[in-house]
$ cat protein-v5.txt   # compact mmCIF, C-alpha atoms and all ligand atoms
# COMPACT_ATOMS: atom_id res chain seq x y z
CA MET X 1 64.74 61.64 271.61
CA GLN X 2 66.13 62.08 275.10
CA GLY X 3 65.36 63.28 278.60
CA LEU X 4 62.17 65.27 279.06
CA GLU X 5 61.06 64.89 275.45
CA LEU X 6 61.24 61.12 275.84
CA LEU X 7 59.40 61.22 279.16
CA VAL X 8 56.61 63.28 277.57
CA ASP X 9 56.50 60.76 274.71
CA PHE X 10 56.10 57.94 277.24
CA HIS X 11 53.17 59.65 279.01
CA VAL X 12 51.39 61.48 276.20
CA GLY X 13 49.34 58.49 275.03
CA ALA X 14 47.88 57.93 278.51
CA GLU X 15 44.54 59.04 279.92
CA ARG X 16 46.25 60.34 283.01
CA GLN X 17 49.79 61.21 284.05
CA GLY X 18 49.39 60.51 287.75
CA PRO X 19 47.31 58.43 290.17
CA GLY X 20 43.65 59.41 290.36
CA GLY X 21 40.21 58.51 289.07
CA GLU X 22 36.97 59.95 287.81
CA ALA X 23 35.10 58.88 290.96
CA GLU X 24 37.73 60.59 293.13
CA THR X 25 37.62 63.82 291.09
CA LEU X 26 33.84 63.80 291.60
CA LYS X 27 34.21 63.06 295.31
CA ALA X 28 36.54 66.05 295.68
CA LEU X 29 34.05 68.14 293.70
CA ASP X 30 31.27 67.13 296.11
CA LEU X 31 33.46 68.16 299.05
CA ALA X 32 34.14 71.52 297.39
CA ASN X 33 30.38 72.02 297.65
CA VAL X 34 29.95 74.24 294.59
CA SER X 35 26.90 74.68 292.39
CA ARG X 36 26.60 72.39 289.39
CA GLU X 37 24.35 74.91 287.64
CA SER X 38 25.83 78.37 288.24
CA PRO X 39 28.59 79.52 285.91
CA LEU X 40 32.02 78.89 287.42
CA LYS X 41 35.50 79.94 286.40
CA ILE X 42 38.09 77.23 287.01
CA VAL X 43 41.77 76.64 286.34
CA ASP X 44 43.24 73.11 286.26
CA LEU X 45 46.98 73.33 286.88
CA GLY X 46 49.34 70.64 285.58
CA CYS X 47 46.39 69.17 283.71
CA GLY X 48 48.41 66.72 281.58
CA THR X 49 46.17 65.16 278.93
CA GLY X 50 43.12 66.31 280.87
CA ALA X 51 41.74 63.50 283.03
CA SER X 52 40.36 65.86 285.68
CA THR X 53 39.66 68.74 283.26
CA LEU X 54 37.29 66.64 281.16
CA THR X 55 35.48 65.26 284.22
CA LEU X 56 34.95 68.74 285.65
CA ALA X 57 33.76 70.09 282.31
CA LYS X 58 31.20 67.28 281.98
CA HIS X 59 29.72 67.82 285.44
CA LEU X 60 29.73 71.60 285.84
CA ASN X 61 28.60 74.72 284.08
CA ALA X 62 32.18 75.96 283.95
CA GLN X 63 34.77 77.76 281.87
CA ILE X 64 37.98 75.85 282.52
CA THR X 65 41.51 76.93 281.66
CA ALA X 66 43.74 73.86 281.48
CA VAL X 67 47.39 74.73 282.16
CA ASP X 68 50.47 72.60 281.52
CA LEU X 69 54.12 73.10 280.65
CA PHE X 70 54.05 70.64 277.77
CA PRO X 71 52.15 71.45 274.53
CA GLU X 72 52.11 67.75 273.60
CA PHE X 73 49.84 67.05 276.58
CA LEU X 74 47.63 70.03 275.76
CA ASP X 75 47.28 68.89 272.12
CA GLN X 76 46.05 65.55 273.37
CA LEU X 77 43.68 67.24 275.80
CA MET X 78 42.22 69.34 272.96
CA LYS X 79 41.62 66.20 270.87
CA ARG X 80 39.78 64.56 273.76
CA ARG X 81 37.86 67.78 274.46
CA ASP X 82 36.76 68.09 270.82
CA SER X 83 35.67 64.46 270.55
CA GLN X 84 33.64 64.77 273.75
CA GLY X 85 31.84 67.93 272.61
CA LEU X 86 33.41 70.13 275.32
CA VAL X 87 34.97 72.78 273.05
CA ASP X 88 33.07 75.67 274.63
CA GLN X 89 33.99 74.75 278.19
CA ILE X 90 37.76 74.18 277.99
CA SER X 91 40.64 76.34 276.78
CA THR X 92 44.32 75.48 277.17
CA LEU X 93 47.32 77.52 278.23
CA LYS X 94 50.94 76.46 277.90
CA CYS X 95 52.53 78.04 280.92
CA SER X 96 54.30 77.21 284.14
CA MET X 97 52.18 77.44 287.24
CA GLU X 98 54.97 79.61 288.61
CA THR X 99 54.26 82.39 286.12
CA LEU X 100 50.49 82.40 285.65
CA PRO X 101 49.27 85.45 283.72
CA PHE X 102 45.98 85.82 285.61
CA GLU X 103 44.43 88.80 287.37
CA LYS X 104 43.66 88.77 291.09
CA ASP X 105 40.46 87.28 292.55
CA GLN X 106 39.41 85.52 289.33
CA PHE X 107 38.66 81.89 290.01
CA ASP X 108 35.86 80.06 291.78
CA ILE X 109 38.01 76.93 291.89
CA ILE X 110 41.72 76.22 291.47
CA TRP X 111 42.16 72.50 290.78
CA SER X 112 45.41 70.56 290.58
CA GLU X 113 45.80 66.77 290.72
CA GLY X 114 49.25 65.33 291.36
CA ALA X 115 51.08 68.39 290.05
CA ILE X 116 51.61 71.09 292.69
CA TYR X 117 54.71 69.25 293.94
CA ASN X 118 56.47 70.52 290.83
CA ILE X 119 56.72 73.95 292.44
CA GLY X 120 56.25 72.71 296.02
CA PHE X 121 53.07 72.60 298.10
CA LYS X 122 53.78 75.59 300.34
CA ARG X 123 55.07 77.83 297.57
CA GLY X 124 52.20 76.74 295.32
CA ILE X 125 49.41 77.51 297.74
CA GLU X 126 51.01 80.87 298.58
CA LEU X 127 51.19 81.79 294.89
CA LEU X 128 47.66 80.67 294.12
CA TRP X 129 45.86 82.45 296.99
CA GLY X 130 45.64 85.77 295.13
CA PHE X 131 43.99 84.24 292.04
CA LEU X 132 41.02 82.82 293.97
CA LYS X 133 37.88 84.85 294.54
CA PRO X 134 37.15 85.41 298.24
CA GLY X 135 35.54 82.16 299.40
CA GLY X 136 36.86 80.36 296.31
CA LYS X 137 37.98 76.74 296.62
CA LEU X 138 41.41 75.18 296.27
CA VAL X 139 41.37 71.47 295.43
CA LEU X 140 44.71 69.64 295.32
CA SER X 141 46.06 66.15 295.48
CA GLU X 142 49.48 65.79 297.06
CA ILE X 143 51.69 62.89 298.10
CA THR X 144 50.99 62.24 301.79
CA TRP X 145 52.25 59.91 304.53
CA LEU X 146 49.44 57.73 305.88
CA THR X 147 51.25 56.69 309.08
CA ASN X 148 53.34 58.42 311.70
CA LYS X 149 56.31 56.04 311.25
CA ARG X 150 57.65 54.55 308.03
CA PRO X 151 60.33 51.99 307.07
CA SER X 152 63.59 53.79 306.29
CA GLU X 153 63.73 52.69 302.62
CA ILE X 154 60.50 54.49 301.71
CA GLU X 155 61.17 57.40 304.05
CA LYS X 156 64.51 57.99 302.34
CA HIS X 157 63.07 57.57 298.85
CA TRP X 158 60.39 60.22 299.32
CA HIS X 159 62.62 62.64 301.17
CA GLU X 160 65.00 62.54 298.22
CA GLU X 161 62.26 62.77 295.59
CA TYR X 162 60.17 65.39 297.38
CA PRO X 163 61.47 66.88 300.63
CA GLU X 164 58.04 68.40 301.40
CA VAL X 165 56.37 64.98 301.76
CA GLY X 166 54.34 65.09 304.98
CA MET X 167 51.28 63.91 306.88
CA ALA X 168 47.81 65.36 306.26
CA SER X 169 47.89 67.32 309.52
CA GLU X 170 51.09 69.09 308.38
CA LYS X 171 49.58 69.96 305.00
CA MET X 172 46.43 71.29 306.66
CA GLY X 173 48.55 73.35 309.03
CA ILE X 174 50.31 74.90 306.03
CA LEU X 175 46.94 75.64 304.43
CA GLU X 176 45.65 77.25 307.63
CA ALA X 177 48.78 79.35 308.04
CA ASN X 178 48.41 80.73 304.52
CA GLY X 179 44.83 81.94 304.23
CA TYR X 180 42.88 78.75 303.62
CA SER X 181 40.33 76.90 305.70
CA PRO X 182 40.46 73.11 305.09
CA GLU X 183 36.99 71.74 304.33
CA GLY X 184 37.70 68.20 303.22
CA TYR X 185 40.30 65.47 302.96
CA PHE X 186 40.43 61.91 301.68
CA VAL X 187 43.02 59.42 300.48
CA LEU X 188 43.22 58.01 296.97
CA PRO X 189 42.51 54.27 297.09
CA GLU X 190 44.91 51.70 295.60
CA ARG X 191 42.73 51.33 292.50
CA CYS X 192 43.72 54.88 291.52
CA TRP X 193 47.39 53.88 291.52
CA LEU X 194 47.22 50.35 290.13
CA ASP X 195 44.23 50.06 287.80
CA ASN X 196 44.19 53.67 286.65
CA TYR X 197 47.88 54.55 286.49
CA TYR X 198 50.49 51.81 286.92
CA ASP X 199 48.75 49.01 284.96
CA PRO X 200 48.41 51.23 281.86
CA ILE X 201 52.05 52.32 282.31
CA GLU X 202 53.22 48.69 282.39
CA SER X 203 51.21 47.89 279.30
CA ARG X 204 53.07 50.62 277.37
CA PHE X 205 56.66 49.51 278.19
CA GLU X 206 57.16 47.10 275.31
CA ASP X 207 55.84 49.35 272.59
CA PHE X 208 57.76 52.34 273.98
CA LEU X 209 61.05 50.44 274.04
CA SER X 210 60.61 49.09 270.55
CA ARG X 211 59.59 52.49 269.13
CA HIS X 212 62.84 53.89 270.50
CA GLY X 213 65.01 50.96 269.41
CA ASN X 214 65.69 49.99 273.06
CA SER X 215 67.83 53.10 273.43
CA GLU X 216 69.69 53.71 276.67
CA SER X 217 67.47 56.68 277.59
CA ALA X 218 64.23 54.77 276.89
CA THR X 219 65.47 51.83 278.96
CA GLU X 220 66.32 54.21 281.80
CA ILE X 221 62.76 55.58 281.82
CA VAL X 222 61.28 52.09 281.91
CA GLU X 223 63.64 51.03 284.71
CA SER X 224 62.79 54.09 286.75
CA GLU X 225 59.03 53.49 286.32
CA ARG X 226 59.51 49.83 287.29
CA LYS X 227 61.34 50.88 290.44
CA GLU X 228 58.60 53.36 291.37
CA ILE X 229 55.90 50.71 290.83
CA ALA X 230 57.78 48.16 292.96
CA LEU X 231 58.18 50.71 295.77
CA TYR X 232 54.47 51.54 295.64
CA LYS X 233 53.50 47.86 295.81
CA LYS X 234 55.87 47.22 298.72
CA TYR X 235 54.99 50.29 300.79
CA ARG X 236 51.46 51.25 299.73
CA GLN X 237 50.15 51.19 303.31
CA TYR X 238 52.50 54.07 304.19
CA PHE X 239 51.75 56.67 301.51
CA SER X 240 49.24 57.77 298.91
CA TYR X 241 47.92 60.93 297.38
CA GLY X 242 45.77 62.90 299.77
CA PHE X 243 43.05 65.14 298.32
CA TYR X 244 42.80 68.51 300.08
CA ILE X 245 39.78 70.76 299.70
CA ALA X 246 40.11 74.22 301.21
CA ARG X 247 38.30 77.57 301.11
CA LYS X 248 40.09 80.87 300.64
CA CYS X 249 39.71 83.01 303.76
CA GLN X 250 41.45 86.11 305.17
CA LYS X 251 45.19 85.83 305.75
N1 LIG M 301 46.80 66.33 286.53
C1 LIG M 301 47.23 65.33 285.58
C2 LIG M 301 48.74 65.24 285.39
C3 LIG M 301 49.55 64.97 286.63
S1 LIG M 301 51.30 64.76 286.27
C4 LIG M 301 46.69 63.99 285.98
O1 LIG M 301 46.30 63.82 287.14
O2 LIG M 301 46.68 63.09 285.14
C5 LIG M 301 51.96 66.40 286.54
C6 LIG M 301 51.70 67.36 285.39
O3 LIG M 301 52.24 68.63 285.75
C7 LIG M 301 52.35 66.96 284.07
O4 LIG M 301 51.38 67.04 283.05
C8 LIG M 301 53.44 68.00 283.87
O5 LIG M 301 53.69 68.30 282.51
C9 LIG M 301 52.88 69.19 284.61
N2 LIG M 301 53.87 70.17 285.09
C10 LIG M 301 55.08 69.93 285.63
N3 LIG M 301 55.66 71.09 286.04
C11 LIG M 301 54.76 72.07 285.75
C12 LIG M 301 54.78 73.50 285.92
N4 LIG M 301 55.80 74.12 286.49
N5 LIG M 301 53.71 74.20 285.51
C13 LIG M 301 52.64 73.58 284.92
N6 LIG M 301 52.57 72.23 284.75
C14 LIG M 301 53.62 71.50 285.15
$ encode --input "protein-v5.txt" --output "structure tokens" --more "lines below"
Ligand code: SAH
Amino acid sequence: MQGLELLVDFHVGAERQGPGGEAETLKALDLANVSRESPLKIVDLGCGTGASTLTLAKHLNAQITAVDLFPEFLDQLMKRRDSQGLVDQISTLKCSMETLPFEKDQFDIIWSEGAIYNIGFKRGIELLWGFLKPGGKLVLSEITWLTNKRPSEIEKHWHEEYPEVGMASEKMGILEANGYSPEGYFVLPERCWLDNYYDPIESRFEDFLSRHGNSESATEIVESERKEIALYKKYRQYFSYGFYIARKCQK
């Protein structure tokens, strides 16, 4: 196994594939201010193994389409869905969020935690606008600078990894310029990175390396995760994921 296949193998056993938490998904849901009783149609983009999908399904009367590029993640999501008795609420779709097969004006909520960066924030929100019902809600988490100035090491790292990294005011400006009215924002606390994401990652290193006979590619993945974790610990006061909740309005 190499490259992407190996990366998927590293992440597939996890409850989540990015920083986040059940309490934060529910906080964002509160800010979206939608009914918990009325039937809702939702899509969860870049759902991974379904951390947010399962939480939404448990707390809403919703039909949720969970979309991801990798069938291995969706298989895992379906196992979790079935064991939690949520079969009727969740269906999966293997597809890129760049080529979604949906009709216009379909969804009450478009949800995406830690995934829109894969196609870029601006491009993503432009593409998604048409799929939301008028007044529908867009709920996204996106890497965000927490301060106006940053040490050059972390500034350089994020600009190379994701040139669209920006402050919340910039992201909200992009939302406003593209037919959305921001209705809520908050920052993921450290617990969402450390307890919920990085600690479980660290606990999988040894088993992952031994399963792959300490291959060069497996070692590279572990080294790259270690580097990312060290950077987070060193510079956590400068960046996090920001949660953005916005309503579709006229363009
Ligand atoms: N929302 C999940 C996963 C976040 S990681 C969570 O919070 O745990 C980002 C996810 O986006 C991964 O599951 C990855 O497979 C998926 N992904 C990457 N590029 C994608 C694309 N173009 N279309 C759909 N999903 C994509």
$ residues_around --input "protein-v5.txt" --residues "Asp207 of chain X" --least-positions-apart "2" --cutoff "12 Å" --atoms "all atoms listed in the file" --output "number ranges by chain"
X: 9-10, 13, 201-205, 209-214, 218-219, 222
$ closest_atom_pairs --input "protein-v5.txt" --of "chain X" --to "ligand LIG 301 (chain M)" --cutoff "10 Å" --atoms "all atoms listed in the file" --output "JSON lines"
{"residue": "X:Leu4", "atom": "CA", "partner": "M:LIG301", "partner_atom": "O5", "distance": 9.6}
{"residue": "X:Leu7", "atom": "CA", "partner": "M:LIG301", "partner_atom": "O5", "distance": 9.7}
{"residue": "X:Val8", "atom": "CA", "partner": "M:LIG301", "partner_atom": "O5", "distance": 7.6}
{"residue": "X:His11", "atom": "CA", "partner": "M:LIG301", "partner_atom": "O4", "distance": 8.6}
{"residue": "X:Val12", "atom": "CA", "partner": "M:LIG301", "partner_atom": "O4", "distance": 8.8}
{"residue": "X:Ala14", "atom": "CA", "partner": "M:LIG301", "partner_atom": "O2", "distance": 8.5}
{"residue": "X:Glu15", "atom": "CA", "partner": "M:LIG301", "partner_atom": "O2", "distance": 6.9}
{"residue": "X:Arg16", "atom": "CA", "partner": "M:LIG301", "partner_atom": "O2", "distance": 3.5}
{"residue": "X:Gln17", "atom": "CA", "partner": "M:LIG301", "partner_atom": "O2", "distance": 3.8}
{"residue": "X:Gly18", "atom": "CA", "partner": "M:LIG301", "partner_atom": "O2", "distance": 4.6}
{"residue": "X:Pro19", "atom": "CA", "partner": "M:LIG301", "partner_atom": "O1", "distance": 6.3}
{"residue": "X:Gly20", "atom": "CA", "partner": "M:LIG301", "partner_atom": "O1", "distance": 6.1}
{"residue": "X:Gly21", "atom": "CA", "partner": "M:LIG301", "partner_atom": "O1", "distance": 8.3}
{"residue": "X:Thr25", "atom": "CA", "partner": "M:LIG301", "partner_atom": "O1", "distance": 9.5}
{"residue": "X:Asp44", "atom": "CA", "partner": "M:LIG301", "partner_atom": "N1", "distance": 7.7}
{"residue": "X:Leu45", "atom": "CA", "partner": "M:LIG301", "partner_atom": "C13", "distance": 6.0}
{"residue": "X:Gly46", "atom": "CA", "partner": "M:LIG301", "partner_atom": "O3", "distance": 3.5}
{"residue": "X:Cys47", "atom": "CA", "partner": "M:LIG301", "partner_atom": "N1", "distance": 4.0}
{"residue": "X:Gly48", "atom": "CA", "partner": "M:LIG301", "partner_atom": "O4", "distance": 3.3}
{"residue": "X:Thr49", "atom": "CA", "partner": "M:LIG301", "partner_atom": "O2", "distance": 6.6}
{"residue": "X:Gly50", "atom": "CA", "partner": "M:LIG301", "partner_atom": "C1", "distance": 6.3}
{"residue": "X:Ala51", "atom": "CA", "partner": "M:LIG301", "partner_atom": "O2", "distance": 5.4}
{"residue": "X:Ser52", "atom": "CA", "partner": "M:LIG301", "partner_atom": "O1", "distance": 6.4}
{"residue": "X:Thr53", "atom": "CA", "partner": "M:LIG301", "partner_atom": "N1", "distance": 8.2}
{"residue": "X:Ala66", "atom": "CA", "partner": "M:LIG301", "partner_atom": "C13", "distance": 9.5}
{"residue": "X:Val67", "atom": "CA", "partner": "M:LIG301", "partner_atom": "C13", "distance": 6.0}
{"residue": "X:Asp68", "atom": "CA", "partner": "M:LIG301", "partner_atom": "N6", "distance": 3.9}
{"residue": "X:Leu69", "atom": "CA", "partner": "M:LIG301", "partner_atom": "N6", "distance": 4.5}
{"residue": "X:Phe70", "atom": "CA", "partner": "M:LIG301", "partner_atom": "O5", "distance": 5.3}
{"residue": "X:Pro71", "atom": "CA", "partner": "M:LIG301", "partner_atom": "O5", "distance": 8.7}
{"residue": "X:Glu72", "atom": "CA", "partner": "M:LIG301", "partner_atom": "O5", "distance": 9.1}
{"residue": "X:Phe73", "atom": "CA", "partner": "M:LIG301", "partner_atom": "O4", "distance": 6.7}
{"residue": "X:Leu74", "atom": "CA", "partner": "M:LIG301", "partner_atom": "O4", "distance": 8.7}
{"residue": "X:Leu93", "atom": "CA", "partner": "M:LIG301", "partner_atom": "C13", "distance": 9.4}
{"residue": "X:Lys94", "atom": "CA", "partner": "M:LIG301", "partner_atom": "C13", "distance": 7.8}
{"residue": "X:Cys95", "atom": "CA", "partner": "M:LIG301", "partner_atom": "C13", "distance": 6.0}
{"residue": "X:Ser96", "atom": "CA", "partner": "M:LIG301", "partner_atom": "N5", "distance": 3.4}
{"residue": "X:Met97", "atom": "CA", "partner": "M:LIG301", "partner_atom": "N5", "distance": 4.0}
{"residue": "X:Glu98", "atom": "CA", "partner": "M:LIG301", "partner_atom": "N4", "distance": 5.9}
{"residue": "X:Thr99", "atom": "CA", "partner": "M:LIG301", "partner_atom": "N5", "distance": 8.2}
{"residue": "X:Leu100", "atom": "CA", "partner": "M:LIG301", "partner_atom": "N5", "distance": 8.8}
{"residue": "X:Trp111", "atom": "CA", "partner": "M:LIG301", "partner_atom": "N1", "distance": 8.8}
{"residue": "X:Ser112", "atom": "CA", "partner": "M:LIG301", "partner_atom": "N1", "distance": 6.0}
{"residue": "X:Glu113", "atom": "CA", "partner": "M:LIG301", "partner_atom": "N1", "distance": 4.3}
{"residue": "X:Gly114", "atom": "CA", "partner": "M:LIG301", "partner_atom": "C3", "distance": 4.8}
{"residue": "X:Ala115", "atom": "CA", "partner": "M:LIG301", "partner_atom": "C5", "distance": 4.1}
{"residue": "X:Ile116", "atom": "CA", "partner": "M:LIG301", "partner_atom": "O3", "distance": 7.4}
{"residue": "X:Tyr117", "atom": "CA", "partner": "M:LIG301", "partner_atom": "N3", "distance": 8.2}
{"residue": "X:Asn118", "atom": "CA", "partner": "M:LIG301", "partner_atom": "N3", "distance": 4.9}
{"residue": "X:Ile119", "atom": "CA", "partner": "M:LIG301", "partner_atom": "N4", "distance": 6.0}
{"residue": "X:Gly120", "atom": "CA", "partner": "M:LIG301", "partner_atom": "N4", "distance": 9.6}
{"residue": "X:Gly124", "atom": "CA", "partner": "M:LIG301", "partner_atom": "N4", "distance": 9.9}
{"residue": "X:Leu140", "atom": "CA", "partner": "M:LIG301", "partner_atom": "N1", "distance": 9.6}
{"residue": "X:Ser141", "atom": "CA", "partner": "M:LIG301", "partner_atom": "O1", "distance": 8.7}
{"residue": "X:Asn196", "atom": "CA", "partner": "M:LIG301", "partner_atom": "O2", "distance": 9.9}
{"residue": "X:Tyr197", "atom": "CA", "partner": "M:LIG301", "partner_atom": "O2", "distance": 8.7}
$ closest_residue --input "protein-v5.txt" --among "X:Glu183, X:Lys58, X:Leu77, X:Arg150" --to "Ser91 of chain X" --atoms "only C-alpha atoms"
X:Leu77
$ closest_residue --input "protein-v5.txt" --among "X:Gln250, X:Pro163, X:Arg236, X:Glu223" --to "Gly135 of chain X" --atoms "all atoms listed in the file"
X:Gln250
$ residues_around --input "protein-v5.txt" --residues "Thr144 of chain X" --least-positions-apart "3" --cutoff "8 Å" --atoms "all atoms listed in the file" --output "PyMOL selection string"
chain X and resi 165-168+239-242
$ atom_distance --input "protein-v5.txt" --atom1 "atom CA of Ile90 of chain X" --atom2 "atom CA of Thr65 of chain X"
5.9 Å
$ atom_distance --input "protein-v5.txt" --atom1 "atom CA of Trp145 of chain X" --atom2 "atom CA of Tyr238 of chain X"
5.9 Å
$ closest_atom_pairs --input "protein-v5.txt" --of "segment 92-156 of chain X" --to "segment 32-36 of chain X" --cutoff "10 Å" --atoms "only C-alpha atoms" --output "tab-separated table"
residue	atom	partner	partner_atom	distance
X:Asp108	CA	X:Val34	CA	8.8
X:Ile109	CA	X:Ala32	CA	8.6
X:Gly136	CA	X:Ala32	CA	9.3
X:Lys137	CA	X:Ala32	CA	6.5
X:Leu138	CA	X:Ala32	CA	8.2
X:Val139	CA	X:Ala32	CA	7.5
$ closest_residue --input "protein-v5.txt" --among "X:Pro101, X:Pro189, X:Gly173, X:Pro182" --to "Arg247 of chain X" --atoms "only C-alpha atoms"
X:Pro182
$ closest_residue --input "protein-v5.txt" --among "X:Tyr232, X:Ser217, X:Ser169, X:Lys149" --to "Glu190 of chain X" --atoms "only C-alpha atoms"
X:Tyr232
$ atom_distance --input "protein-v5.txt" --atom1 "atom CA of Ala177 of chain X" --atom2 "atom CA of Glu164 of chain X"
15.8 Å
